[in-house]
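A.B. asks: This is the content of data03.txt (compact mmCIF, C-alpha atoms):
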# COMPACT_ATOMS: atom_id res chain seq x y z
CA MET A 2 0.00 0.00 0.00
CA THR A 3 1.39 3.39 -0.97
CA ILE A 4 1.74 6.16 1.58
CA GLU A 5 -0.98 8.11 -0.23
CA LYS A 6 -3.36 5.17 -0.30
CA ARG A 7 -2.75 4.49 3.36
CA GLN A 8 -3.48 8.09 4.28
CA GLU A 9 -6.63 8.03 2.18
CA THR A 10 -7.85 5.03 4.12
CA VAL A 11 -6.96 6.60 7.46
CA ASN A 12 -8.81 9.78 6.50
CA ARG A 13 -11.87 7.78 5.48
CA LEU A 14 -11.87 5.84 8.74
CA ARG A 15 -11.36 9.03 10.78
CA GLU A 16 -14.33 10.63 9.03
CA ILE A 17 -16.52 7.74 10.20
CA VAL A 18 -15.04 7.51 13.68
CA ASP A 19 -15.13 11.25 14.35
CA HIS A 20 -18.84 11.50 13.52
CA PRO A 21 -20.78 8.74 15.27
CA ASP A 22 -24.45 8.89 14.38
CA PHE A 23 -26.04 5.77 15.76
CA LYS A 24 -29.58 5.89 14.41
CA SER A 25 -29.74 2.16 13.75
CA PRO A 26 -27.82 -1.07 14.48
CA THR A 27 -26.33 -0.84 10.99
CA ASP A 28 -24.73 2.51 11.88
CA VAL A 29 -23.17 0.87 14.94
CA GLU A 30 -21.82 -2.03 12.90
CA GLN A 31 -20.22 0.28 10.32
CA PHE A 32 -18.74 2.53 13.01
CA PHE A 33 -17.10 -0.28 14.95
CA ILE A 34 -15.61 -1.90 11.87
CA ALA A 35 -13.95 1.43 11.10
CA TYR A 36 -13.00 2.04 14.75
CA THR A 37 -11.39 -1.39 15.12
CA HIS A 38 -9.41 -0.95 11.91
CA LEU A 39 -8.31 2.53 12.94
CA ILE A 40 -7.06 1.42 16.38
CA TRP A 41 -5.40 -1.83 15.35
CA ASN A 42 -4.60 -1.81 11.64
CA TYR A 43 -3.55 1.85 11.58
CA LYS A 44 -2.32 2.10 15.21
CA MET A 45 -4.40 5.13 16.17
CA VAL A 46 -4.40 3.80 19.72
CA GLY A 47 -5.22 7.16 21.30
CA THR A 48 -8.71 7.05 19.83
CA ILE A 49 -9.52 4.44 22.48
CA TYR A 50 -10.02 7.37 24.84
CA ASP A 51 -12.72 8.80 22.56
CA TYR A 52 -15.23 5.98 22.85
CA TYR A 53 -14.30 3.85 25.86
CA ALA A 54 -15.72 4.78 29.27
CA ASP A 55 -13.21 5.56 32.02
CA ASP A 56 -14.50 2.62 34.07
CA ILE A 57 -14.82 0.15 31.18
CA VAL A 58 -14.60 -3.50 32.19
CA ILE A 59 -13.53 -6.08 29.61
CA HIS A 60 -14.48 -9.56 30.80
CA VAL A 61 -12.11 -12.23 29.55
CA GLU A 62 -11.48 -15.88 30.28
CA ASN A 63 -10.49 -17.03 33.77
CA GLY A 64 -11.83 -13.84 35.31
CA ASN A 65 -8.71 -11.83 34.40
CA ASP A 66 -10.80 -8.79 33.58
CA ILE A 67 -9.27 -5.65 32.09
CA VAL A 68 -10.55 -2.72 34.15
CA GLY A 69 -10.34 0.94 33.15
CA VAL A 70 -9.54 2.73 29.92
CA GLU A 71 -5.83 3.03 30.78
CA ALA A 72 -5.59 -0.75 31.05
CA VAL A 73 -7.24 -1.08 27.63
CA VAL A 74 -4.69 1.29 26.09
CA LYS A 75 -1.81 -0.53 27.77
CA ASP A 76 -3.07 -3.93 26.62
CA THR A 77 -3.41 -2.66 23.04
CA ILE A 78 0.08 -1.14 22.93
CA ILE A 79 1.66 -4.30 24.35
CA ARG A 80 -0.06 -6.44 21.70
CA LEU A 81 0.93 -4.07 18.87
CA ASN A 82 4.52 -3.98 20.08
CA ALA A 83 4.61 -7.78 20.03
CA MET A 84 3.05 -7.88 16.55
CA PRO A 85 3.72 -4.58 14.76
CA ASP A 86 2.24 -5.86 11.49
CA LEU A 87 -1.02 -6.94 13.17
CA LYS A 88 -4.18 -6.60 11.11
CA ILE A 89 -7.69 -7.41 12.31
CA GLU A 90 -10.15 -8.64 9.70
CA PHE A 91 -13.89 -9.11 10.21
CA ILE A 92 -15.67 -12.41 9.78
CA ASP A 93 -18.97 -11.02 11.05
CA ILE A 94 -20.57 -8.27 13.12
CA PHE A 95 -24.15 -7.53 14.08
CA ALA A 96 -25.82 -5.15 16.49
CA GLU A 97 -29.11 -4.68 18.30
CA GLY A 98 -30.66 -1.73 20.09
CA ASN A 99 -31.74 1.87 19.61
CA GLU A 100 -30.67 5.45 20.20
CA GLU A 101 -32.60 5.74 23.44
CA ASN A 102 -31.45 2.63 25.30
CA GLY A 103 -28.12 2.06 23.62
CA TYR A 104 -26.78 -0.79 21.57
CA LYS A 105 -24.98 -4.08 21.92
CA PHE A 106 -23.03 -5.81 19.22
CA ILE A 107 -20.97 -8.95 18.63
CA GLN A 108 -18.03 -9.10 16.27
CA VAL A 109 -16.12 -12.15 15.07
CA THR A 110 -12.65 -11.44 13.74
CA PHE A 111 -9.39 -13.08 12.87
CA HIS A 112 -5.96 -11.60 13.33
CA GLU A 113 -3.06 -11.62 10.91
CA GLY A 114 0.33 -10.76 12.31
CA THR A 115 3.85 -11.86 13.09
CA SER A 116 5.63 -12.07 16.42
CA LEU A 117 8.28 -9.45 15.69
CA GLY A 118 8.62 -7.79 19.09
CA PRO A 119 8.93 -8.86 22.71
CA SER A 120 5.88 -9.88 24.72
CA GLN A 121 5.12 -11.07 28.24
CA PHE A 122 6.18 -14.53 27.03
CA GLY A 123 9.64 -13.56 25.87
CA PRO A 124 11.49 -12.46 22.74
CA PRO A 125 9.85 -12.57 19.29
CA THR A 126 9.46 -15.92 17.57
CA GLY A 127 8.67 -14.92 14.01
CA LYS A 128 5.57 -17.12 14.19
CA LYS A 129 2.29 -15.91 12.70
CA LEU A 130 -1.38 -15.60 13.52
CA ASN A 131 -3.83 -15.93 10.65
CA ASP A 132 -7.32 -16.96 9.63
CA ASN A 133 -6.42 -20.63 10.00
CA ASN A 134 -5.22 -20.53 13.59
CA PHE A 135 -6.76 -17.57 15.40
CA MET A 136 -10.26 -16.24 16.07
CA ASN A 137 -11.53 -13.52 18.40
CA MET A 138 -15.07 -12.74 19.54
CA CYS A 139 -16.03 -9.51 21.24
CA GLU A 140 -19.38 -8.30 22.56
CA CYS A 141 -19.76 -4.65 23.54
CA LEU A 142 -22.39 -2.52 25.25
CA VAL A 143 -22.54 1.00 23.83
CA LYS A 144 -24.35 3.72 25.76
CA LYS A 145 -24.58 7.48 25.77
CA ILE A 146 -22.73 8.96 28.73
CA ASP A 147 -23.01 12.71 29.16
CA GLY A 148 -24.23 12.95 25.59
CA LYS A 149 -21.37 10.96 24.09
CA TRP A 150 -21.40 7.35 22.89
CA LYS A 151 -19.11 5.12 24.94
CA VAL A 152 -18.31 1.41 25.17
CA THR A 153 -19.23 0.70 28.78
CA GLU A 154 -18.68 -3.05 29.07
CA GLU A 155 -17.16 -5.74 26.90
CA TRP A 156 -16.85 -9.53 26.86
CA GLY A 157 -14.08 -11.16 24.85
CA THR A 158 -12.74 -14.61 24.01
CA GLN A 159 -9.94 -15.60 21.68
CA SER A 160 -7.61 -18.41 20.67
CA ASN A 161 -5.32 -17.85 23.66
CA LYS A 162 -3.41 -21.09 23.38
CA ARG A 163 -2.35 -20.24 19.83
CA LEU A 164 -1.57 -16.66 20.81
CA GLU A 165 0.70 -17.77 23.64
CA SER A 166 2.41 -20.28 21.36
CA VAL A 167 3.02 -17.68 18.66
CA LEU A 168 4.32 -15.16 21.21
CA GLY A 169 6.79 -17.69 22.60
CA LYS A 170 5.31 -19.40 25.64
CA GLY A 171 6.40 -22.99 26.10
CA MET B 8 -36.66 -39.51 41.11
CA VAL B 9 -37.45 -35.87 41.63
CA ILE B 10 -34.34 -34.88 39.71
CA ALA B 11 -35.23 -37.23 36.86
CA GLU B 12 -38.76 -35.89 36.67
CA GLU B 13 -37.59 -32.29 36.75
CA MET B 14 -35.05 -32.93 34.01
CA ALA B 15 -37.60 -34.75 31.89
CA GLN B 16 -40.15 -31.97 32.25
CA GLU B 17 -37.59 -29.31 31.41
CA ARG B 18 -36.46 -31.27 28.36
CA ILE B 19 -40.02 -31.78 27.13
CA ALA B 20 -40.71 -28.04 27.47
CA LEU B 21 -37.60 -27.23 25.42
CA GLU B 22 -38.54 -29.79 22.78
CA GLN B 23 -42.00 -28.27 22.54
CA ALA B 24 -40.48 -24.81 22.22
CA ILE B 25 -38.41 -25.97 19.26
CA ALA B 26 -41.31 -27.80 17.67
CA THR B 27 -43.72 -24.88 17.95
CA THR B 28 -41.43 -21.92 17.31
CA LYS B 29 -41.98 -20.45 13.88
CA LEU B 30 -38.94 -18.50 12.83
CA GLU B 31 -40.81 -15.38 11.81
CA ASP B 32 -38.61 -12.86 13.59
CA LYS B 33 -35.41 -12.36 15.56
CA ALA B 34 -36.99 -13.19 18.92
CA ALA B 35 -38.15 -16.54 17.58
CA ALA B 36 -34.68 -17.25 16.21
CA VAL B 37 -33.16 -16.58 19.64
CA CYS B 38 -35.74 -18.85 21.29
CA PHE B 39 -35.03 -21.61 18.78
CA VAL B 40 -31.26 -21.51 19.25
CA GLU B 41 -31.40 -21.14 23.04
CA SER B 42 -33.72 -24.13 23.30
CA LEU B 43 -31.59 -26.24 20.98
CA ILE B 44 -28.34 -25.43 22.77
CA LYS B 45 -29.86 -26.19 26.19
CA LEU B 46 -31.15 -29.49 24.83
CA ILE B 47 -27.78 -30.49 23.38
CA TRP B 48 -25.67 -29.44 26.37
CA ASN B 49 -27.84 -29.49 29.49
CA HIS B 50 -29.94 -32.46 28.44
CA LYS B 51 -27.26 -34.29 26.44
CA MET B 52 -29.52 -34.57 23.39
CA VAL B 53 -26.40 -34.71 21.25
CA GLY B 54 -28.23 -36.46 18.43
CA LEU B 55 -30.13 -33.25 17.74
CA ILE B 56 -26.98 -31.99 16.03
CA HIS B 57 -27.92 -34.34 13.19
CA THR B 58 -31.45 -32.94 13.14
CA PHE B 59 -30.79 -29.23 13.35
CA TYR B 60 -27.35 -28.64 11.85
CA ASP B 61 -27.02 -28.54 8.08
CA HIS B 62 -25.54 -31.70 6.60
CA LYS B 63 -22.54 -29.64 5.51
CA PRO B 64 -22.02 -27.27 8.43
CA LEU B 65 -19.07 -25.04 9.18
CA PHE B 66 -17.93 -24.83 12.79
CA LYS B 67 -15.00 -22.60 13.66
CA GLY B 68 -13.51 -22.63 17.16
CA ALA B 69 -10.33 -21.80 19.02
CA ASN B 70 -6.81 -22.16 17.67
CA GLY B 71 -7.86 -23.02 14.14
CA LEU B 72 -10.41 -25.69 15.03
CA LYS B 73 -12.55 -26.20 11.94
CA LEU B 74 -15.28 -28.83 11.75
CA VAL B 75 -17.17 -29.47 8.53
CA SER B 76 -19.52 -32.34 9.29
CA GLN B 77 -22.25 -33.15 11.77
CA ASP B 78 -20.24 -36.13 13.02
CA GLU B 79 -17.24 -33.96 13.84
CA ILE B 80 -19.43 -31.57 15.83
CA VAL B 81 -21.01 -34.51 17.66
CA ILE B 82 -17.57 -35.86 18.62
CA GLU B 83 -16.42 -32.44 19.85
CA THR B 84 -19.59 -32.14 21.96
CA LEU B 85 -19.27 -35.66 23.40
CA GLU B 86 -15.68 -35.01 24.39
CA MET B 87 -16.67 -32.01 26.49
CA LEU B 88 -19.70 -33.75 28.01
CA ALA B 89 -17.65 -36.85 28.87
CA ALA B 90 -15.14 -34.71 30.73
CA PHE B 91 -17.90 -32.72 32.47
CA PRO B 92 -20.88 -35.13 32.75
CA ASN B 93 -22.84 -32.73 34.99
CA LEU B 94 -22.20 -29.76 32.74
CA ARG B 95 -24.85 -27.06 32.71
CA MET B 96 -24.69 -24.20 30.23
CA ASN B 97 -26.07 -20.93 31.53
CA ILE B 98 -26.97 -18.38 28.86
CA THR B 99 -26.36 -14.83 30.08
CA GLU B 100 -26.98 -12.79 26.93
CA SER B 101 -28.59 -13.33 23.57
CA PHE B 102 -29.63 -11.28 20.58
CA ALA B 103 -30.07 -11.70 16.85
CA SER B 104 -30.09 -10.03 13.48
CA GLY B 105 -31.57 -10.97 10.13
CA ASP B 106 -35.01 -11.88 8.87
CA LYS B 107 -37.02 -14.86 7.71
CA ASN B 108 -36.43 -14.07 4.04
CA SER B 109 -32.68 -14.47 4.19
CA GLU B 110 -31.02 -15.76 7.34
CA PHE B 111 -30.84 -15.21 11.07
CA LYS B 112 -27.67 -14.70 13.07
CA VAL B 113 -28.01 -15.47 16.77
CA TYR B 114 -25.46 -14.57 19.43
CA LEU B 115 -25.24 -16.34 22.80
CA ARG B 116 -22.95 -15.47 25.70
CA SER B 117 -22.76 -18.15 28.37
CA TYR B 118 -20.83 -19.81 31.12
CA CYS B 119 -20.76 -23.41 32.30
CA ASP B 120 -21.15 -25.08 35.66
CA GLY B 121 -19.70 -28.55 35.90
CA GLN B 122 -17.00 -30.75 37.34
CA ASN B 123 -14.32 -32.76 35.54
CA GLN B 124 -15.56 -36.17 36.61
CA GLY B 125 -14.74 -38.06 33.42
CA PRO B 126 -11.66 -38.73 31.32
CA SER B 127 -10.48 -36.43 28.59
CA ARG B 128 -7.64 -36.38 26.08
CA PHE B 129 -5.59 -34.73 28.82
CA GLY B 130 -5.93 -37.64 31.21
CA PRO B 131 -8.05 -38.86 34.11
CA PRO B 132 -10.56 -36.58 35.84
CA THR B 133 -9.17 -33.83 38.05
CA ASN B 134 -12.39 -32.87 39.85
CA ASN B 135 -11.74 -29.24 38.88
CA VAL B 136 -14.86 -27.19 38.32
CA LEU B 137 -16.15 -24.89 35.65
CA ASN B 138 -17.98 -21.82 36.87
CA GLU B 139 -18.94 -18.28 35.97
CA LYS B 140 -15.38 -17.04 36.51
CA ASN B 141 -13.50 -19.48 34.30
CA SER B 142 -15.75 -20.56 31.45
CA LEU B 143 -16.86 -17.51 29.50
CA GLY B 144 -18.27 -18.65 26.17
CA GLN B 145 -19.38 -16.76 23.07
CA SER B 146 -21.10 -18.22 20.02
CA VAL B 147 -22.65 -16.96 16.81
CA TYR B 148 -25.05 -19.27 14.98
CA ILE B 149 -26.09 -18.58 11.40
CA LEU B 150 -29.46 -20.12 10.55
CA LYS B 151 -30.62 -20.74 7.00
CA LYS B 152 -33.76 -22.31 5.66
CA ILE B 153 -32.73 -25.53 3.95
CA GLY B 154 -35.77 -26.89 2.13
CA LYS B 155 -38.64 -26.52 4.57
CA ASN B 156 -36.54 -26.46 7.72
CA TRP B 157 -34.31 -23.97 9.47
CA LYS B 158 -30.83 -25.35 10.09
CA ILE B 159 -27.64 -24.13 11.67
CA LYS B 160 -25.35 -23.63 8.70
CA THR B 161 -22.43 -21.94 10.47
CA GLU B 162 -21.25 -21.68 14.06
CA TYR B 163 -18.41 -19.62 15.51
CA SER B 164 -17.68 -20.58 19.12
CA LEU B 165 -15.02 -19.76 21.68
CA ARG B 166 -15.01 -20.79 25.32
CA SER B 167 -12.09 -20.08 27.68
CA GLN B 168 -10.33 -22.96 25.98
CA LEU B 169 -6.88 -22.42 27.49
CA THR B 170 -8.33 -22.25 31.00
CA ILE B 171 -10.41 -25.38 30.46
CA GLU B 172 -7.34 -27.29 29.23
CA LYS B 173 -5.56 -26.30 32.43
CA LEU B 174 -8.54 -27.46 34.47
CA LEU B 175 -8.41 -30.81 32.70
CA THR B 176 -4.67 -31.14 33.22
CA THR B 177 -3.89 -30.00 36.74
CA ASN B 178 -5.45 -30.28 40.17
CA HIS B 179 -4.21 -27.11 41.81
CA LEU B 180 -6.65 -24.74 40.10
CA SER B 181 -9.65 -26.28 41.79
CA THR B 182 -11.18 -23.94 44.32
CA ASN B 183 -14.76 -25.04 44.67
CA HIS B 184 -15.26 -28.75 44.33
CA LYS B 185 -18.81 -29.92 44.15
CA GLY B 186 -20.02 -32.86 46.19
Do you think you could lay out the structure here as structure tokens?

C.D. replies:
Amino acid sequence: MTIEKRQETVNRLREIVDHPDFKSPTDVEQFFIAYTHLIWNYKMVGTIYDYYADDIVIHVENGNDIVGVEAVVKDTIIRLNAMPDLKIEFIDIFAEGNEENGYKFIQVTFHEGTSLGPSQFGPPTGKKLNDNNFMNMCECLVKKIDGKWKVTEEWGTQSNKRLESVLGKG
Amino acid sequence: MVIAEEMAQERIALEQAIATTKLEDKAAAVCFVESLIKLIWNHKMVGLIHTFYDHKPLFKGANGLKLVSQDEIVIETLEMLAAFPNLRMNITESFASGDKNSEFKVYLRSYCDGQNQGPSRFGPPTNNVLNEKNSLGQSVYILKKIGKNWKIKTEYSLRSQLTIEKLLTTNHLSTNHKG
């Protein structure tokens, strides 16, 4: 991808992400596809602060919940540092809800990336995640807080065994 | 006897729900899938996979697990039920999209209660327990009308797989053994 093409894509995603207008579940689906790509594929990690609540809780397996927006940012940076070429691609996403009560959505994604940087499991391995060995599912609640849409709670599962193996555990 | 009667009554109610639910809208699709999943897991009606999954299904799970036949899904289900014979799936969230003219997509979030009382590929039973804290599960089911009947064509499922493998392998994680 050329520098110009990349910037075009970033600008297009920013246009969507900077102007949330959740009149229907479809709007929510389109927004969060763009938001996910912007954060992960284009490393605009700071935009997490725009739409995650301060006291966000991400429920993950074994009760090791991620609590607070700072923890979400930290978790994201650590993952990107371990896999700087990480790309998240959507298998599916669908939402339910309305403007008044808020929305919930589920997304199914796979990750493509290479262990090129250090992680909590050690030095990089050069191993890869892809559609054939990794899947992630993520459910989010989205509510208006002080007039602004925020992700207030999230539940996530992923192929952790493969992730740990790729990042060098064992 | 009381337990048997209660289980039988609950199963019959779920079977009636499936038999009478007409998939006209999203709420009906959720009811259909919830009932089917409770029957398969909580009531061990594993054979219903042959009835309600398409004959060429796609199941995608953790770490690249890909199943493409009813028999493979049956075996995967039996393996989990054999390891946790008293497994109970508790559905904590559900919603759907789609319509009767195309397809329905149904999402379930759940956790399991159960104890590793049977053997698994990881060895003999450990007596470790599944509970709300260690068995978060998420599944998306895509329903399509095949001929006259609605079938599950595709399923994406993940459930705290790494944690469950540890529960099946080691004894020290157990904190709340059941009787």

A.B. asks: Give me the residues within 6 Å of Lys144 (chain A) as a tab-separated table (two decimals) with C-alpha atoms, in the coordinates of the input, counting only C-alpha atoms and dropping any in the same chain fewer than 4 places off.

C.D. replies:
chain	number	residue	atom	x	y	z
A	103	GLY	CA	-28.12	2.06	23.62
A	150	TRP	CA	-21.40	7.35	22.89
A	151	LYS	CA	-19.11	5.12	24.94

A.B. asks: Identify which of the residues B:Phe59, B:Tyr163, B:Trp48, B:Tyr148 lies closest to chain A, counting all atoms listed in the file when measuring atom-to-atom distances.

C.D. replies: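 Closest to chain A, using all atoms listed in the file: B:Tyr163.
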
A.B. asks: Using only C-alpha atoms, find each residue of chain B with at least one atom at most 12 Å away from an atom of chain A; report its shortest atom-to-atom pair and that distance in Å (one decimal), sort the rows by chain and rising residue number, and return the result as JSON lines.

C.D. replies:
{"residue": "B:Lys33", "atom": "CA", "partner": "A:Glu97", "partner_atom": "CA", "distance": 10.3}
{"residue": "B:Ala34", "atom": "CA", "partner": "A:Glu97", "partner_atom": "CA", "distance": 11.6}
{"residue": "B:Phe66", "atom": "CA", "partner": "A:Met136", "partner_atom": "CA", "distance": 12.0}
{"residue": "B:Lys67", "atom": "CA", "partner": "A:Met136", "partner_atom": "CA", "distance": 8.3}
{"residue": "B:Gly68", "atom": "CA", "partner": "A:Met136", "partner_atom": "CA", "distance": 7.3}
{"residue": "B:Ala69", "atom": "CA", "partner": "A:Ser160", "partner_atom": "CA", "distance": 4.6}
{"residue": "B:Asn70", "atom": "CA", "partner": "A:Asn134", "partner_atom": "CA", "distance": 4.7}
{"residue": "B:Gly71", "atom": "CA", "partner": "A:Asn134", "partner_atom": "CA", "distance": 3.7}
{"residue": "B:Leu72", "atom": "CA", "partner": "A:Asn134", "partner_atom": "CA", "distance": 7.5}
{"residue": "B:Lys73", "atom": "CA", "partner": "A:Asn133", "partner_atom": "CA", "distance": 8.5}
{"residue": "B:Thr99", "atom": "CA", "partner": "A:Trp156", "partner_atom": "CA", "distance": 11.4}
{"residue": "B:Glu100", "atom": "CA", "partner": "A:Glu140", "partner_atom": "CA", "distance": 9.8}
{"residue": "B:Ser101", "atom": "CA", "partner": "A:Lys105", "partner_atom": "CA", "distance": 10.1}
{"residue": "B:Phe102", "atom": "CA", "partner": "A:Glu97", "partner_atom": "CA", "distance": 7.0}
{"residue": "B:Ala103", "atom": "CA", "partner": "A:Glu97", "partner_atom": "CA", "distance": 7.2}
{"residue": "B:Ser104", "atom": "CA", "partner": "A:Phe95", "partner_atom": "CA", "distance": 6.5}
{"residue": "B:Gly105", "atom": "CA", "partner": "A:Phe95", "partner_atom": "CA", "distance": 9.1}
{"residue": "B:Phe111", "atom": "CA", "partner": "A:Phe95", "partner_atom": "CA", "distance": 10.6}
{"residue": "B:Lys112", "atom": "CA", "partner": "A:Phe95", "partner_atom": "CA", "distance": 8.1}
{"residue": "B:Val113", "atom": "CA", "partner": "A:Phe95", "partner_atom": "CA", "distance": 9.2}
{"residue": "B:Tyr114", "atom": "CA", "partner": "A:Ile107", "partner_atom": "CA", "distance": 7.2}
{"residue": "B:Leu115", "atom": "CA", "partner": "A:Ile107", "partner_atom": "CA", "distance": 9.5}
{"residue": "B:Arg116", "atom": "CA", "partner": "A:Trp156", "partner_atom": "CA", "distance": 8.6}
{"residue": "B:Ser117", "atom": "CA", "partner": "A:Trp156", "partner_atom": "CA", "distance": 10.6}
{"residue": "B:Tyr118", "atom": "CA", "partner": "A:Glu62", "partner_atom": "CA", "distance": 10.2}
{"residue": "B:Val136", "atom": "CA", "partner": "A:Asn63", "partner_atom": "CA", "distance": 12.0}
{"residue": "B:Leu137", "atom": "CA", "partner": "A:Asn63", "partner_atom": "CA", "distance": 9.9}
{"residue": "B:Asn138", "atom": "CA", "partner": "A:Asn63", "partner_atom": "CA", "distance": 9.4}
{"residue": "B:Glu139", "atom": "CA", "partner": "A:Gly64", "partner_atom": "CA", "distance": 8.4}
{"residue": "B:Lys140", "atom": "CA", "partner": "A:Gly64", "partner_atom": "CA", "distance": 4.9}
{"residue": "B:Asn141", "atom": "CA", "partner": "A:Asn63", "partner_atom": "CA", "distance": 3.9}
{"residue": "B:Ser142", "atom": "CA", "partner": "A:Glu62", "partner_atom": "CA", "distance": 6.4}
{"residue": "B:Leu143", "atom": "CA", "partner": "A:Glu62", "partner_atom": "CA", "distance": 5.7}
{"residue": "B:Gly144", "atom": "CA", "partner": "A:Thr158", "partner_atom": "CA", "distance": 7.2}
{"residue": "B:Gln145", "atom": "CA", "partner": "A:Met138", "partner_atom": "CA", "distance": 6.9}
{"residue": "B:Ser146", "atom": "CA", "partner": "A:Met138", "partner_atom": "CA", "distance": 8.2}
{"residue": "B:Val147", "atom": "CA", "partner": "A:Val109", "partner_atom": "CA", "distance": 8.3}
{"residue": "B:Tyr148", "atom": "CA", "partner": "A:Asp93", "partner_atom": "CA", "distance": 11.0}
{"residue": "B:Ile149", "atom": "CA", "partner": "A:Asp93", "partner_atom": "CA", "distance": 10.4}
{"residue": "B:Thr161", "atom": "CA", "partner": "A:Asp93", "partner_atom": "CA", "distance": 11.5}
{"residue": "B:Glu162", "atom": "CA", "partner": "A:Val109", "partner_atom": "CA", "distance": 10.9}
{"residue": "B:Tyr163", "atom": "CA", "partner": "A:Val109", "partner_atom": "CA", "distance": 7.8}
{"residue": "B:Ser164", "atom": "CA", "partner": "A:Met138", "partner_atom": "CA", "distance": 8.3}
{"residue": "B:Leu165", "atom": "CA", "partner": "A:Thr158", "partner_atom": "CA", "distance": 6.1}
{"residue": "B:Arg166", "atom": "CA", "partner": "A:Thr158", "partner_atom": "CA", "distance": 6.7}
{"residue": "B:Ser167", "atom": "CA", "partner": "A:Glu62", "partner_atom": "CA", "distance": 5.0}
{"residue": "B:Gln168", "atom": "CA", "partner": "A:Ser160", "partner_atom": "CA", "distance": 7.5}
{"residue": "B:Leu169", "atom": "CA", "partner": "A:Lys162", "partner_atom": "CA", "distance": 5.5}
{"residue": "B:Thr170", "atom": "CA", "partner": "A:Asn63", "partner_atom": "CA", "distance": 6.3}
{"residue": "B:Ile171", "atom": "CA", "partner": "A:Asn63", "partner_atom": "CA", "distance": 9.0}
{"residue": "B:Glu172", "atom": "CA", "partner": "A:Lys162", "partner_atom": "CA", "distance": 9.4}
{"residue": "B:Lys173", "atom": "CA", "partner": "A:Asn63", "partner_atom": "CA", "distance": 10.6}
{"residue": "B:Leu174", "atom": "CA", "partner": "A:Asn63", "partner_atom": "CA", "distance": 10.6}
{"residue": "B:Leu180", "atom": "CA", "partner": "A:Asn63", "partner_atom": "CA", "distance": 10.7}

A.B. asks: Which value, in Å to one decimal, gives the distance between CA of Val29 (chain A) and CA of Cys141 (chain A)?

C.D. replies: 10.8 Å

A.B. asks: If we count all atoms listed in the file, what is near Ile40 (chain A) at a cut-off of 12 Å, once residues fewer than 4 positions away on the same chain are taken out, given as a ChimeraX atom specification?

C.D. replies: /A:11,14-15,18,33-36,44-52,73-74,77-78,80-81,87-89

A.B. asks: Can you work out which one of A:Glu101, A:Glu113, A:Glu90, A:Asp56 has the shortest atom-to-atom distance to Glu155 (chain A), counting all atoms listed in the file?

C.D. replies: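 Among the listed residues, the smallest separation from Glu155 (chain A) belongs to A:Asp56.
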
A.B. asks: Do you have the CA of Thr115 (chain A)-CA of Ile57 (chain A) distance handy?

C.D. replies: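 Computing the Euclidean distance for CA of Thr115 (chain A) and CA of Ile57 (chain A) yields 28.6 Å.
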
A.B. asks: Give as a list in words every residue, naming chains and numbers as the document does, that has an atom within 7 Å of (-19.6, 5.0, 13.7), counting all atoms listed in the file.

C.D. replies: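 Those residues, ordered by chain and then number, are Ile17, Val18, His20, Pro21, Asp22, Phe23, Asp28, Val29, Gln31, Phe32 and Phe33 of chain A.
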
A.B. asks: Which distance in Å separates CA of Lys128 (chain A) and CA of Asn42 (chain A), to one decimal?

C.D. replies: 18.6 Å

A.B. asks: Need to verify the contact set: Lys107 (chain B), 7 Å, all atoms listed in the file, exclusion of same-chain residues closer than 3 positions in sequence. Can you return it as a PyMOL selection string?

C.D. replies: chain B and resi 30-32+110

A.B. asks: Take the selection from the previous step and output its residues with C-alpha atoms, as a PDB file, keeping the file's coordinate frame.

C.D. replies:
ATOM      1  CA  LEU B  30     -38.940 -18.500  12.830  1.00  0.00           C
ATOM      2  CA  GLU B  31     -40.810 -15.380  11.810  1.00  0.00           C
ATOM      3  CA  ASP B  32     -38.610 -12.860  13.590  1.00  0.00           C
ATOM      4  CA  GLU B 110     -31.020 -15.760   7.340  1.00  0.00           C
TER       5      GLU B 110
END

A.B. asks: Taking into account only C-alpha atoms, which residue in the set B:Glu22, B:Glu79, B:Asp61, B:Glu12 is nearest to Glu41 (chain B)?

C.D. replies: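 Checking each candidate against Glu41 (chain B), we get B:Glu22 as the closest.
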
A.B. asks: B:Lys45, B:His57, B:Lys152, B:Arg95: which is nearest Ile25 (chain B), counting all atoms listed in the file?

C.D. replies: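 Using all atoms listed in the file, the shortest distance to Ile25 (chain B) belongs to B:Lys45.
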
A.B. asks: List the neighbours of Gly123 (chain A) out to 9 Å using all atoms listed in the file; skip same-chain residues closer than 2 positions along the sequence, and give me the result as a list in words.

C.D. replies: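 Near neighbours after the sequence-gap exclusion: Gly118, Pro119, Ser120, Gln121, Pro125, Thr126, Leu168, Gly169 and Lys170 of chain A.
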
A.B. asks: Anything within 6 Å of (-29.2, -25.7, 11.0): list those residues as a VMD selection string, counting all atoms listed in the file and sticking to the file's coordinates.

C.D. replies: chain B and resid 59 to 61 150 157 to 160

A.B. asks: When distances are computed from all atoms listed in the file, which of B:Cys38, B:Leu65, B:Ile153, B:Leu46 shows the smallest separation from Gln16 (chain B)?

C.D. replies: B:Leu46

A.B. asks: Specify the axis-aligned box that encloses all atoms of region 69-83 of chain B listed in the file after padding of 5 Å on each side, stating its centre and edge lengths in Å to one decimal as lines of an AutoDock Vina configuration file.

C.D. replies:
center_x = -14.5
center_y = -29.0
center_z = 14.2
size_x = 25.4
size_y = 24.3
size_z = 21.3

A.B. asks: Excluding Val81 (chain B) and residues on its chain fewer than 2 positions from it, collect all residues at most 12 Å away from it, counting all atoms listed in the file, and give them as a PyMOL selection string.

C.D. replies: chain B and resi 47-48+51-60+64+66+74-79+83-89
